[in-house]
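To be precise, the following lines are query.pdb, and they hold PDB, C-alpha atoms.
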```pdb
ATOM      1  CA  MET K   1      86.629 113.830 102.325
ATOM      2  CA  GLY K   2      84.179 115.807 100.247
ATOM      3  CA  SER K   3      86.871 117.776  98.435
ATOM      4  CA  VAL K   4      88.620 114.663  97.138
ATOM      5  CA  LYS K   5      87.193 113.258  93.933
ATOM      6  CA  THR K   6      90.287 112.153  91.999
ATOM      7  CA  ILE K   7      93.169 110.201  93.546
ATOM      8  CA  GLY K   8      96.549 109.777  91.904
ATOM      9  CA  VAL K   9      98.765 106.803  92.716
ATOM     10  CA  LEU K  10     102.498 106.565  92.041
ATOM     11  CA  THR K  11     105.522 104.456  92.881
ATOM     12  CA  SER K  12     108.844 106.160  93.444
ATOM     13  CA  GLY K  13     112.464 105.338  94.246
ATOM     14  CA  GLY K  14     113.660 101.758  94.205
ATOM     15  CA  ASP K  15     111.095  99.149  93.147
ATOM     16  CA  ALA K  16     110.046  96.462  95.606
ATOM     17  CA  PRO K  17     108.076  93.218  95.188
ATOM     18  CA  GLY K  18     104.518  93.854  96.325
ATOM     19  CA  MET K  19     104.219  97.351  94.888
ATOM     20  CA  ASN K  20     101.827  96.040  92.248
ATOM     21  CA  ALA K  21      99.660  94.487  94.948
ATOM     22  CA  ALA K  22      99.549  97.877  96.687
ATOM     23  CA  ILE K  23      98.648  99.666  93.426
ATOM     24  CA  ARG K  24      95.895  97.126  92.828
ATOM     25  CA  ALA K  25      94.472  97.631  96.312
ATOM     26  CA  VAL K  26      94.589 101.426  96.020
ATOM     27  CA  VAL K  27      92.815 101.430  92.654
ATOM     28  CA  ARG K  28      90.126  98.902  93.440
ATOM     29  CA  THR K  29      89.363 100.256  96.928
ATOM     30  CA  ALA K  30      89.135 103.785  95.545
ATOM     31  CA  LEU K  31      86.777 102.682  92.774
ATOM     32  CA  TYR K  32      84.692 100.753  95.302
ATOM     33  CA  PHE K  33      84.158 103.957  97.282
ATOM     34  CA  GLY K  34      83.361 106.003  94.185
ATOM     35  CA  PHE K  35      86.626 107.877  93.620
ATOM     36  CA  LYS K  36      88.218 108.425  90.235
ATOM     37  CA  VAL K  37      91.782 107.064  90.060
ATOM     38  CA  VAL K  38      94.683 108.046  87.839
ATOM     39  CA  GLY K  39      98.027 106.320  87.591
ATOM     40  CA  ILE K  40     101.130 108.515  87.588
ATOM     41  CA  ARG K  41     103.917 106.769  85.702
ATOM     42  CA  LYS K  42     107.606 107.047  86.679
ATOM     43  CA  GLY K  43     106.983 108.602  90.067
ATOM     44  CA  TYR K  44     107.405 112.291  90.716
ATOM     45  CA  GLU K  45     109.154 112.698  87.376
ATOM     46  CA  GLY K  46     105.972 111.540  85.671
ATOM     47  CA  LEU K  47     103.914 113.910  87.780
ATOM     48  CA  ILE K  48     106.037 116.847  86.619
ATOM     49  CA  HIS K  49     105.686 115.874  82.952
ATOM     50  CA  GLY K  50     102.042 114.783  83.030
ATOM     51  CA  ASP K  51     102.645 111.087  82.352
ATOM     52  CA  ILE K  52      99.234 110.319  83.826
ATOM     53  CA  GLN K  53      96.282 108.162  82.770
ATOM     54  CA  GLU K  54      92.967 107.065  84.258
ATOM     55  CA  MET K  55      92.861 103.606  85.814
ATOM     56  CA  THR K  56      90.032 101.100  85.972
ATOM     57  CA  ALA K  57      89.551  97.840  87.834
ATOM     58  CA  ARG K  58      90.873  96.054  84.757
ATOM     59  CA  SER K  59      93.978  98.265  84.675
ATOM     60  CA  VAL K  60      95.222  96.367  87.701
ATOM     61  CA  GLY K  61      94.075  92.887  86.710
ATOM     62  CA  ASP K  62      96.615  90.056  86.704
ATOM     63  CA  ILE K  63      99.337  92.062  88.447
ATOM     64  CA  ILE K  64      99.246  90.949  92.097
ATOM     65  CA  HIS K  65     101.805  88.197  91.426
ATOM     66  CA  ARG K  66     104.210  90.374  89.452
ATOM     67  CA  GLY K  67     107.365  91.961  90.843
ATOM     68  CA  GLY K  68     108.433  95.498  90.022
ATOM     69  CA  THR K  69     105.774  98.144  89.408
ATOM     70  CA  ILE K  70     103.438  98.521  86.436
ATOM     71  CA  LEU K  71     103.545 102.294  86.986
ATOM     72  CA  GLN K  72     107.350 102.181  86.728
ATOM     73  CA  THR K  73     109.581 104.361  88.842
ATOM     74  CA  ALA K  74     112.351 106.909  88.402
ATOM     75  CA  ARG K  75     114.597 109.221  90.373
ATOM     76  CA  SER K  76     113.708 112.885  89.935
ATOM     77  CA  PRO K  77     116.377 115.441  90.847
ATOM     78  CA  GLN K  78     114.097 118.146  89.423
ATOM     79  CA  PHE K  79     111.368 117.292  91.926
ATOM     80  CA  LYS K  80     113.739 118.112  94.786
ATOM     81  CA  THR K  81     113.853 121.748  93.684
ATOM     82  CA  GLU K  82     111.281 124.420  94.474
ATOM     83  CA  GLU K  83     110.620 124.873  90.763
ATOM     84  CA  GLY K  84     110.087 121.139  90.290
ATOM     85  CA  LEU K  85     107.620 120.974  93.162
ATOM     86  CA  LYS K  86     105.631 123.843  91.689
ATOM     87  CA  LYS K  87     105.556 122.110  88.295
ATOM     88  CA  ALA K  88     104.287 118.945  89.960
ATOM     89  CA  MET K  89     101.510 120.824  91.745
ATOM     90  CA  SER K  90     100.572 122.636  88.547
ATOM     91  CA  MET K  91     100.312 119.350  86.642
ATOM     92  CA  ALA K  92      98.211 117.854  89.437
ATOM     93  CA  LYS K  93      95.746 120.722  88.922
ATOM     94  CA  VAL K  94      95.683 120.097  85.166
ATOM     95  CA  PHE K  95      94.521 116.525  85.831
ATOM     96  CA  SER K  96      92.241 117.583  88.744
ATOM     97  CA  ILE K  97      94.151 115.393  91.183
ATOM     98  CA  ASP K  98      92.937 116.079  94.715
ATOM     99  CA  ALA K  99      95.059 113.513  96.591
ATOM    100  CA  ILE K 100      98.150 111.418  95.895
ATOM    101  CA  VAL K 101      99.018 107.993  97.294
ATOM    102  CA  ALA K 102     102.794 107.597  97.098
ATOM    103  CA  ILE K 103     104.328 104.123  97.445
ATOM    104  CA  GLY K 104     108.051 103.981  98.125
ATOM    105  CA  GLY K 105     110.914 104.417 100.551
ATOM    106  CA  ASP K 106     112.060 107.255 102.761
ATOM    107  CA  GLY K 107     112.841 109.630  99.876
ATOM    108  CA  SER K 108     109.467 108.959  98.279
ATOM    109  CA  LEU K 109     107.634 109.670 101.516
ATOM    110  CA  ARG K 110     109.600 112.882 101.975
ATOM    111  CA  GLY K 111     108.544 113.884  98.475
ATOM    112  CA  ALA K 112     104.926 113.352  99.508
ATOM    113  CA  GLU K 113     105.565 115.438 102.612
ATOM    114  CA  ASP K 114     106.883 118.269 100.416
ATOM    115  CA  LEU K 115     103.698 118.145  98.320
ATOM    116  CA  SER K 116     101.579 118.260 101.466
ATOM    117  CA  LYS K 117     103.238 121.530 102.449
ATOM    118  CA  LEU K 118     102.005 123.016  99.157
ATOM    119  CA  GLY K 119      98.441 121.945  99.840
ATOM    120  CA  MET K 120      98.192 118.477  98.275
ATOM    121  CA  ASN K 121      96.420 115.740 100.243
ATOM    122  CA  VAL K 122      98.902 112.865 100.483
ATOM    123  CA  ILE K 123      99.072 109.352 101.888
ATOM    124  CA  GLY K 124     102.400 107.497 102.008
ATOM    125  CA  ILE K 125     102.734 103.724 101.833
ATOM    126  CA  PRO K 126     106.151 102.320 102.848
ATOM    127  CA  GLY K 127     107.595 100.196 100.052
ATOM    128  CA  THR K 128     111.291  99.297 100.175
ATOM    129  CA  ILE K 129     113.183  96.021 100.487
ATOM    130  CA  ASP K 130     115.518  97.600 103.070
ATOM    131  CA  ASN K 131     112.829  97.896 105.803
ATOM    132  CA  ASP K 132     114.564 101.086 106.933
ATOM    133  CA  ILE K 133     111.586 103.426 107.432
ATOM    134  CA  ALA K 134     111.489 104.304 111.113
ATOM    135  CA  CYS K 135     107.743 104.746 111.576
ATOM    136  CA  THR K 136     106.860 101.184 110.555
ATOM    137  CA  ASP K 137     108.003  97.740 111.609
ATOM    138  CA  TYR K 138     107.527  96.401 108.089
ATOM    139  CA  THR K 139     107.857  97.690 104.544
ATOM    140  CA  ILE K 140     106.490  96.186 101.336
ATOM    141  CA  GLY K 141     109.084  94.014  99.569
ATOM    142  CA  TYR K 142     111.165  93.167 102.618
ATOM    143  CA  ASP K 143     109.964  89.581 103.012
ATOM    144  CA  THR K 144     110.388  88.730  99.333
ATOM    145  CA  ALA K 145     113.909  90.169  99.252
ATOM    146  CA  MET K 146     114.944  88.127 102.267
ATOM    147  CA  ASN K 147     113.540  84.951 100.726
ATOM    148  CA  THR K 148     115.442  85.680  97.506
ATOM    149  CA  VAL K 149     118.663  86.011  99.505
ATOM    150  CA  GLN K 150     117.933  82.844 101.473
ATOM    151  CA  ASP K 151     117.465  80.888  98.255
ATOM    152  CA  ALA K 152     120.859  82.143  97.063
ATOM    153  CA  ILE K 153     122.475  81.192 100.379
ATOM    154  CA  ASP K 154     121.164  77.641 100.140
ATOM    155  CA  LYS K 155     122.613  77.258  96.635
ATOM    156  CA  ILE K 156     125.958  78.871  97.510
ATOM    157  CA  ARG K 157     126.298  76.672 100.574
ATOM    158  CA  ASP K 158     126.233  73.525  98.418
ATOM    159  CA  THR K 159     129.225  74.580  96.337
ATOM    160  CA  ALA K 160     131.049  76.086  99.326
ATOM    161  CA  TYR K 161     130.866  72.747 101.131
ATOM    162  CA  SER K 162     132.092  70.842  98.069
ATOM    163  CA  HIS K 163     135.232  72.989  97.878
ATOM    164  CA  GLU K 164     135.692  73.827 101.594
ATOM    165  CA  ARG K 165     135.339  77.512 100.783
ATOM    166  CA  CYS K 166     134.184  80.593 102.558
ATOM    167  CA  SER K 167     131.360  82.373 100.763
ATOM    168  CA  VAL K 168     131.133  86.138 101.269
ATOM    169  CA  LEU K 169     127.686  87.265 100.212
ATOM    170  CA  GLU K 170     126.922  90.954  99.678
ATOM    171  CA  VAL K 171     123.263  91.854 100.149
ATOM    172  CA  MET K 172     121.397  95.125  99.744
ATOM    173  CA  GLY K 173     121.211  97.637 102.561
ATOM    174  CA  ARG K 174     123.295 100.739 101.936
ATOM    175  CA  HIS K 175     122.472 102.337 105.266
ATOM    176  CA  ALA K 176     120.499  99.600 107.011
ATOM    177  CA  GLY K 177     121.449  96.037 107.902
ATOM    178  CA  TYR K 178     117.967  94.540 108.309
ATOM    179  CA  ILE K 179     118.271  92.127 105.394
ATOM    180  CA  ALA K 180     121.832  91.217 106.375
ATOM    181  CA  ILE K 181     121.163  90.473 110.045
ATOM    182  CA  ASN K 182     118.058  88.396 109.392
ATOM    183  CA  VAL K 183     119.543  86.258 106.616
ATOM    184  CA  SER K 184     122.674  85.753 108.702
ATOM    185  CA  ILE K 185     120.442  84.076 111.275
ATOM    186  CA  SER K 186     118.286  82.168 108.801
ATOM    187  CA  GLY K 187     121.339  81.140 106.761
ATOM    188  CA  GLY K 188     123.558  80.109 109.662
ATOM    189  CA  ALA K 189     126.350  82.554 108.858
ATOM    190  CA  GLU K 190     129.635  82.614 110.760
ATOM    191  CA  ALA K 191     129.721  86.406 110.622
ATOM    192  CA  VAL K 192     127.652  89.395 109.516
ATOM    193  CA  VAL K 193     129.040  92.821 108.626
ATOM    194  CA  LEU K 194     126.618  95.694 109.165
ATOM    195  CA  PRO K 195     126.654  99.414 108.304
ATOM    196  CA  GLU K 196     125.396 100.169 111.820
ATOM    197  CA  LYS K 197     128.461  98.604 113.468
ATOM    198  CA  ALA K 198     132.129  99.561 113.139
ATOM    199  CA  LEU K 199     134.042  96.640 111.619
ATOM    200  CA  ASP K 200     137.039  94.997 113.283
ATOM    201  CA  ILE K 201     137.663  92.341 110.657
ATOM    202  CA  ASP K 202     140.013  90.291 112.822
ATOM    203  CA  ILE K 203     137.509  90.011 115.684
ATOM    204  CA  ASP K 204     134.237  90.116 113.761
ATOM    205  CA  VAL K 205     135.115  87.945 110.750
ATOM    206  CA  ILE K 206     138.505  86.198 110.904
ATOM    207  CA  LYS K 207     138.180  84.903 114.480
ATOM    208  CA  PRO K 208     134.783  83.145 114.071
ATOM    209  CA  ILE K 209     135.944  81.539 110.815
ATOM    210  CA  ILE K 210     139.135  80.176 112.417
ATOM    211  CA  GLU K 211     137.193  78.982 115.466
ATOM    212  CA  GLY K 212     134.756  77.227 113.153
ATOM    213  CA  ARG K 213     137.570  75.547 111.249
ATOM    214  CA  ASN K 214     139.108  74.377 114.511
ATOM    215  CA  ARG K 215     135.779  72.787 115.443
ATOM    216  CA  GLY K 216     135.742  70.869 112.170
ATOM    217  CA  LYS K 217     133.605  73.051 109.928
ATOM    218  CA  LYS K 218     134.061  72.494 106.189
ATOM    219  CA  HIS K 219     132.454  75.643 104.802
ATOM    220  CA  TYR K 220     131.800  79.184 105.980
ATOM    221  CA  LEU K 221     129.383  82.014 105.251
ATOM    222  CA  VAL K 222     129.863  85.730 105.783
ATOM    223  CA  ILE K 223     127.010  88.171 105.070
ATOM    224  CA  VAL K 224     127.983  91.733 104.159
ATOM    225  CA  ALA K 225     125.567  94.657 103.799
ATOM    226  CA  GLU K 226     126.408  96.698 100.691
ATOM    227  CA  GLY K 227     126.901  99.938 102.632
ATOM    228  CA  VAL K 228     129.896  98.603 104.564
ATOM    229  CA  GLU K 229     133.248 100.152 103.811
ATOM    230  CA  GLY K 230     135.562  97.489 102.427
ATOM    231  CA  LYS K 231     132.837  95.450 100.772
ATOM    232  CA  ALA K 232     132.521  91.768  99.910
ATOM    233  CA  ILE K 233     135.407  91.454  97.432
ATOM    234  CA  GLU K 234     137.901  93.154  99.748
ATOM    235  CA  ILE K 235     136.673  91.186 102.760
ATOM    236  CA  ALA K 236     136.949  87.892 100.847
ATOM    237  CA  LYS K 237     140.547  88.677  99.878
ATOM    238  CA  GLU K 238     141.474  89.452 103.476
ATOM    239  CA  ILE K 239     139.889  86.209 104.683
ATOM    240  CA  THR K 240     141.981  84.217 102.207
ATOM    241  CA  ASP K 241     145.170  86.110 103.073
ATOM    242  CA  LYS K 242     144.753  85.686 106.832
ATOM    243  CA  THR K 243     143.274  82.179 107.106
ATOM    244  CA  GLY K 244     144.443  80.340 104.008
ATOM    245  CA  ILE K 245     140.810  79.400 103.356
ATOM    246  CA  GLU K 246     139.671  80.119  99.814
ATOM    247  CA  ALA K 247     137.027  82.825  99.984
ATOM    248  CA  ARG K 248     134.766  83.798  97.105
ATOM    249  CA  ALA K 249     132.600  86.919  96.985
ATOM    250  CA  THR K 250     129.111  86.922  95.503
ATOM    251  CA  ILE K 251     127.245  90.186  95.001
ATOM    252  CA  LEU K 252     123.516  89.552  94.591
ATOM    253  CA  GLY K 253     122.718  93.109  93.509
ATOM    254  CA  HIS K 254     119.358  93.913  91.965
ATOM    255  CA  ILE K 255     118.201  90.309  91.817
ATOM    256  CA  GLN K 256     116.964  91.048  95.344
ATOM    257  CA  ARG K 257     114.494  93.630  94.029
ATOM    258  CA  GLY K 258     112.786  91.358  91.540
ATOM    259  CA  GLY K 259     110.652  88.266  91.561
ATOM    260  CA  SER K 260     107.098  87.354  92.437
ATOM    261  CA  PRO K 261     106.182  88.698  95.894
ATOM    262  CA  THR K 262     105.615  86.301  98.759
ATOM    263  CA  VAL K 263     102.170  85.770 100.264
ATOM    264  CA  HIS K 264     103.175  87.992 103.181
ATOM    265  CA  ASP K 265     104.146  90.876 100.904
ATOM    266  CA  ARG K 266     101.001  90.503  98.792
ATOM    267  CA  VAL K 267      98.729  90.558 101.838
ATOM    268  CA  MET K 268     100.549  93.410 103.612
ATOM    269  CA  ALA K 269     100.588  95.494 100.424
ATOM    270  CA  SER K 270      96.884  94.869  99.887
ATOM    271  CA  ILE K 271      95.990  95.847 103.453
ATOM    272  CA  MET K 272      98.145  98.984 103.334
ATOM    273  CA  GLY K 273      96.793 100.028  99.933
ATOM    274  CA  ALA K 274      93.196  99.652 101.059
ATOM    275  CA  LYS K 275      93.937 101.467 104.321
ATOM    276  CA  ALA K 276      95.286 104.459 102.396
ATOM    277  CA  ILE K 277      91.965 104.937 100.620
ATOM    278  CA  GLU K 278      89.888 104.231 103.704
ATOM    279  CA  ILE K 279      91.532 107.034 105.670
ATOM    280  CA  LEU K 280      91.108 109.437 102.750
ATOM    281  CA  LYS K 281      87.425 108.515 102.760
ATOM    282  CA  GLU K 282      87.332 109.296 106.485
ATOM    283  CA  GLY K 283      88.559 112.817 105.754
ATOM    284  CA  LYS K 284      92.156 112.336 106.853
ATOM    285  CA  SER K 285      95.236 113.187 104.806
ATOM    286  CA  ASN K 286      98.951 113.810 105.101
ATOM    287  CA  ARG K 287      99.439 110.444 106.756
ATOM    288  CA  VAL K 288     101.803 107.483 106.422
ATOM    289  CA  ILE K 289     100.472 103.946 106.607
ATOM    290  CA  ALA K 290     102.476 101.931 109.133
ATOM    291  CA  PHE K 291     102.612  98.459 110.626
ATOM    292  CA  LYS K 292     103.098  98.864 114.376
ATOM    293  CA  ASP K 293     102.459  96.376 117.178
ATOM    294  CA  ASN K 294     101.008  93.851 114.706
ATOM    295  CA  GLU K 295      98.444  96.338 113.432
ATOM    296  CA  VAL K 296      98.192  98.452 110.276
ATOM    297  CA  THR K 297      97.634 102.047 111.332
ATOM    298  CA  ASP K 298      98.342 105.588 110.125
ATOM    299  CA  LEU K 299     100.587 108.341 111.453
ATOM    300  CA  ASP K 300     101.018 112.046 110.780
ATOM    301  CA  ILE K 301     103.526 112.294 107.938
ATOM    302  CA  ASP K 302     105.672 114.987 109.594
ATOM    303  CA  GLU K 303     105.923 113.050 112.844
ATOM    304  CA  ALA K 304     106.488 109.745 111.053
ATOM    305  CA  LEU K 305     109.457 111.030 109.076
ATOM    306  CA  GLN K 306     111.140 112.464 112.162
ATOM    307  CA  MET K 307     111.365 109.046 113.822
ATOM    308  CA  GLN K 308     114.662 107.167 114.073
ATOM    309  CA  LYS K 309     115.079 103.432 113.547
ATOM    310  CA  THR K 310     117.833 101.301 115.058
ATOM    311  CA  LEU K 311     118.808  97.711 114.410
ATOM    312  CA  PRO K 312     117.752  95.515 117.374
ATOM    313  CA  GLU K 313     120.851  94.658 119.385
ATOM    314  CA  GLU K 314     119.312  91.336 120.392
ATOM    315  CA  LEU K 315     119.325  90.188 116.755
ATOM    316  CA  ILE K 316     123.032  90.977 116.474
ATOM    317  CA  GLN K 317     123.769  89.029 119.637
ATOM    318  CA  LEU K 318     121.580  86.130 118.492
ATOM    319  CA  SER K 319     123.482  85.905 115.220
ATOM    320  CA  LYS K 320     126.803  85.710 117.099
ATOM    321  CA  MET K 321     125.519  83.159 119.588
ATOM    322  CA  LEU K 322     124.059  80.830 116.962
ATOM    323  CA  SER K 323     127.165  80.983 114.761
ATOM    324  CA  LEU K 324     128.970  78.820 117.303
TER     325      LEU K 324
END
```
Starting from the file, lay out its structure as structure tokens.
Amino acid sequence: MGSVKTIGVLTSGGDAPGMNAAIRAVVRTALYFGFKVVGIRKGYEGLIHGDIQEMTARSVGDIIHRGGTILQTARSPQFKTEEGLKKAMSMAKVFSIDAIVAIGGDGSLRGAEDLSKLGMNVIGIPGTIDNDIACTDYTIGYDTAMNTVQDAIDKIRDTAYSHERCSVLEVMGRHAGYIAINVSISGGAEAVVLPEKALDIDIDVIKPIIEGRNRGKKHYLVIVAEGVEGKAIEIAKEITDKTGIEARATILGHIQRGGSPTVHDRVMASIMGAKAIEILKEGKSNRVIAFKDNEVTDLDIDEALQMQKTLPEELIQLSKMLSL
């Protein structure tokens, strides 16, 4: 793309392990192809206020193993306004930014889409632990978050067995149960409570726990996605009241966002980051990098953000079947 000389890179929304690997790949691939790269700190808020600095190959040294994002991230209500968007575009002109690579979740990609409508060349890279972006089968940070949860499950199971308790574990996923359903399978949970499914606590939670007790089980695990109405603490209380089994709630919270990314997240982030620059070099823009059918590809940003994602029913059924 002859008109693109300077590329800005930012991370926005919730942080996710692997974002630093993506930043590293964007910067070093861009430099390899002869582009100038600037880092935009604190997402779209930083773009509005000009919190921008040039990046070199050394700027991204020794970061691939680190969680979080060296560019930091922030929510920006101002950016969602017409005035905020215009300020962002004006600041991009001040720094001669010709294209922006935005790494983040659905809101971050929609922010990039808004910039594209004002004439900015944009590439979106999906980075969110929730894996809830419809256009891609995988998002950066998802694997690390699940492994963090699994480690917690293994530790909680030890103490639950010692006391014959039921552990109710709340995991992230306000609107999407991808973490919850997968760790329910990997962790051998008796029940999983998902935002995508209406909850009948007697059928979905109490019954499998009682059936497990009647088969001789000595400990129980219930996974709850944070977006469910009547969250972990309330569900734990109802389990105790109805079964007589002591139930304890554990809310993992933001521990799921942190930590050194897994090999899978590092590699996927690196491939996606490099792909973003490669398609800019080819003269394409206003795209979202996606992992579809075991291949990293790119999609039109408008079409990508119109797609809908649903939780695979077969995973839900598998979780129920294996909980026996």
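If you measure from each of K:Val168, K:Ile185, K:Ile289, K:Ala180 to K:Ile245 using all atoms listed in the file, the closest one turns out to be K:Val168.
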Can you tell me which residues surround K:Asp132 at a distance of at most 12 Å, considering all atoms listed in the file, apart from same-chain residues fewer than 6 positions away, and format the answer as a PDB file with C-alpha atoms, in the coordinates of the input?
```
ATOM      1  CA  GLY K 104     108.051 103.981  98.125  1.00  0.00           C
ATOM      2  CA  GLY K 105     110.914 104.417 100.551  1.00  0.00           C
ATOM      3  CA  ASP K 106     112.060 107.255 102.761  1.00  0.00           C
ATOM      4  CA  GLY K 107     112.841 109.630  99.876  1.00  0.00           C
ATOM      5  CA  PRO K 126     106.151 102.320 102.848  1.00  0.00           C
ATOM      6  CA  TYR K 138     107.527  96.401 108.089  1.00  0.00           C
ATOM      7  CA  THR K 139     107.857  97.690 104.544  1.00  0.00           C
ATOM      8  CA  ILE K 140     106.490  96.186 101.336  1.00  0.00           C
ATOM      9  CA  GLY K 141     109.084  94.014  99.569  1.00  0.00           C
ATOM     10  CA  TYR K 142     111.165  93.167 102.618  1.00  0.00           C
ATOM     11  CA  MET K 172     121.397  95.125  99.744  1.00  0.00           C
ATOM     12  CA  GLY K 173     121.211  97.637 102.561  1.00  0.00           C
ATOM     13  CA  ARG K 174     123.295 100.739 101.936  1.00  0.00           C
ATOM     14  CA  HIS K 175     122.472 102.337 105.266  1.00  0.00           C
ATOM     15  CA  ALA K 176     120.499  99.600 107.011  1.00  0.00           C
ATOM     16  CA  GLY K 177     121.449  96.037 107.902  1.00  0.00           C
ATOM     17  CA  TYR K 178     117.967  94.540 108.309  1.00  0.00           C
ATOM     18  CA  ILE K 179     118.271  92.127 105.394  1.00  0.00           C
ATOM     19  CA  GLU K 196     125.396 100.169 111.820  1.00  0.00           C
ATOM     20  CA  LEU K 305     109.457 111.030 109.076  1.00  0.00           C
ATOM     21  CA  MET K 307     111.365 109.046 113.822  1.00  0.00           C
ATOM     22  CA  GLN K 308     114.662 107.167 114.073  1.00  0.00           C
ATOM     23  CA  LYS K 309     115.079 103.432 113.547  1.00  0.00           C
ATOM     24  CA  THR K 310     117.833 101.301 115.058  1.00  0.00           C
ATOM     25  CA  LEU K 311     118.808  97.711 114.410  1.00  0.00           C
TER      26      LEU K 311
END
```
Counting only C-alpha atoms, which residues have an atom no more than 12 Å from (84.2, 96.1, 91.4) in the file's coordinates? Please list them as a PyMOL selection string. chain K and resi 24-25+27-34+56-58+60-61
Take the residues from that selection and put them in a file with C-alpha atoms, as a PDB file, in the frame of the given file.
```pdb
ATOM      1  CA  ARG K  24      95.895  97.126  92.828  1.00  0.00           C
ATOM      2  CA  ALA K  25      94.472  97.631  96.312  1.00  0.00           C
ATOM      3  CA  VAL K  27      92.815 101.430  92.654  1.00  0.00           C
ATOM      4  CA  ARG K  28      90.126  98.902  93.440  1.00  0.00           C
ATOM      5  CA  THR K  29      89.363 100.256  96.928  1.00  0.00           C
ATOM      6  CA  ALA K  30      89.135 103.785  95.545  1.00  0.00           C
ATOM      7  CA  LEU K  31      86.777 102.682  92.774  1.00  0.00           C
ATOM      8  CA  TYR K  32      84.692 100.753  95.302  1.00  0.00           C
ATOM      9  CA  PHE K  33      84.158 103.957  97.282  1.00  0.00           C
ATOM     10  CA  GLY K  34      83.361 106.003  94.185  1.00  0.00           C
ATOM     11  CA  THR K  56      90.032 101.100  85.972  1.00  0.00           C
ATOM     12  CA  ALA K  57      89.551  97.840  87.834  1.00  0.00           C
ATOM     13  CA  ARG K  58      90.873  96.054  84.757  1.00  0.00           C
ATOM     14  CA  VAL K  60      95.222  96.367  87.701  1.00  0.00           C
ATOM     15  CA  GLY K  61      94.075  92.887  86.710  1.00  0.00           C
TER      16      GLY K  61
END
```
For K:Cys135, which residue out of K:Val192, K:Leu109, K:Ala274, K:Ile223 is the nearest one, using all atoms listed in the file?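 Ranking K:Val192, K:Leu109, K:Ala274, K:Ile223 by distance to K:Cys135, first place goes to K:Leu109.
Between atom CA of K:Ile181 and atom CA of K:Ile316 there is a distance of 6.7 Å.
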Which polymer residues have any atom within 9 Å of an atom of stretch 153-160 of chain K, counting all atoms listed in the file, with same-chain residues fewer than 2 positions away left out, as a PDB file with C-alpha atoms, in the coordinates of the input?
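Saved to selection_39.pdb:
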```pdb
ATOM      1  CA  THR K 148     115.442  85.680  97.506  1.00  0.00           C
ATOM      2  CA  VAL K 149     118.663  86.011  99.505  1.00  0.00           C
ATOM      3  CA  GLN K 150     117.933  82.844 101.473  1.00  0.00           C
ATOM      4  CA  ASP K 151     117.465  80.888  98.255  1.00  0.00           C
ATOM      5  CA  SER K 162     132.092  70.842  98.069  1.00  0.00           C
ATOM      6  CA  HIS K 163     135.232  72.989  97.878  1.00  0.00           C
ATOM      7  CA  GLU K 164     135.692  73.827 101.594  1.00  0.00           C
ATOM      8  CA  ARG K 165     135.339  77.512 100.783  1.00  0.00           C
ATOM      9  CA  CYS K 166     134.184  80.593 102.558  1.00  0.00           C
ATOM     10  CA  SER K 167     131.360  82.373 100.763  1.00  0.00           C
ATOM     11  CA  LEU K 169     127.686  87.265 100.212  1.00  0.00           C
ATOM     12  CA  VAL K 183     119.543  86.258 106.616  1.00  0.00           C
ATOM     13  CA  GLY K 187     121.339  81.140 106.761  1.00  0.00           C
ATOM     14  CA  LYS K 218     134.061  72.494 106.189  1.00  0.00           C
ATOM     15  CA  HIS K 219     132.454  75.643 104.802  1.00  0.00           C
ATOM     16  CA  TYR K 220     131.800  79.184 105.980  1.00  0.00           C
ATOM     17  CA  LEU K 221     129.383  82.014 105.251  1.00  0.00           C
ATOM     18  CA  ARG K 248     134.766  83.798  97.105  1.00  0.00           C
ATOM     19  CA  THR K 250     129.111  86.922  95.503  1.00  0.00           C
TER      20      THR K 250
END
```
Report as number ranges by chain all protein, DNA and RNA residues lying within 6 Å of stretch 43-47 of chain K, evaluated on only C-alpha atoms, omitting residues in the same chain fewer than 4 positions from it. K: 10-12, 51, 73-74, 76, 88
Please evaluate the PyMOL selection byres ((chain K and resi 236-242) around 9) against the displayed coordinates and give the resulting residues as an MDAnalysis selection string. chainID K and resid 166:168 201:202 205:206 209 222 231:235 243:249
Write the residues you've just listed into a file as a PDB file, in the coordinates of the input, and include C-alpha atoms for each of them.
```pdb
ATOM      1  CA  CYS K 166     134.184  80.593 102.558  1.00  0.00           C
ATOM      2  CA  SER K 167     131.360  82.373 100.763  1.00  0.00           C
ATOM      3  CA  VAL K 168     131.133  86.138 101.269  1.00  0.00           C
ATOM      4  CA  ILE K 201     137.663  92.341 110.657  1.00  0.00           C
ATOM      5  CA  ASP K 202     140.013  90.291 112.822  1.00  0.00           C
ATOM      6  CA  VAL K 205     135.115  87.945 110.750  1.00  0.00           C
ATOM      7  CA  ILE K 206     138.505  86.198 110.904  1.00  0.00           C
ATOM      8  CA  ILE K 209     135.944  81.539 110.815  1.00  0.00           C
ATOM      9  CA  VAL K 222     129.863  85.730 105.783  1.00  0.00           C
ATOM     10  CA  LYS K 231     132.837  95.450 100.772  1.00  0.00           C
ATOM     11  CA  ALA K 232     132.521  91.768  99.910  1.00  0.00           C
ATOM     12  CA  ILE K 233     135.407  91.454  97.432  1.00  0.00           C
ATOM     13  CA  GLU K 234     137.901  93.154  99.748  1.00  0.00           C
ATOM     14  CA  ILE K 235     136.673  91.186 102.760  1.00  0.00           C
ATOM     15  CA  THR K 243     143.274  82.179 107.106  1.00  0.00           C
ATOM     16  CA  GLY K 244     144.443  80.340 104.008  1.00  0.00           C
ATOM     17  CA  ILE K 245     140.810  79.400 103.356  1.00  0.00           C
ATOM     18  CA  GLU K 246     139.671  80.119  99.814  1.00  0.00           C
ATOM     19  CA  ALA K 247     137.027  82.825  99.984  1.00  0.00           C
ATOM     20  CA  ARG K 248     134.766  83.798  97.105  1.00  0.00           C
ATOM     21  CA  ALA K 249     132.600  86.919  96.985  1.00  0.00           C
TER      22      ALA K 249
END
```
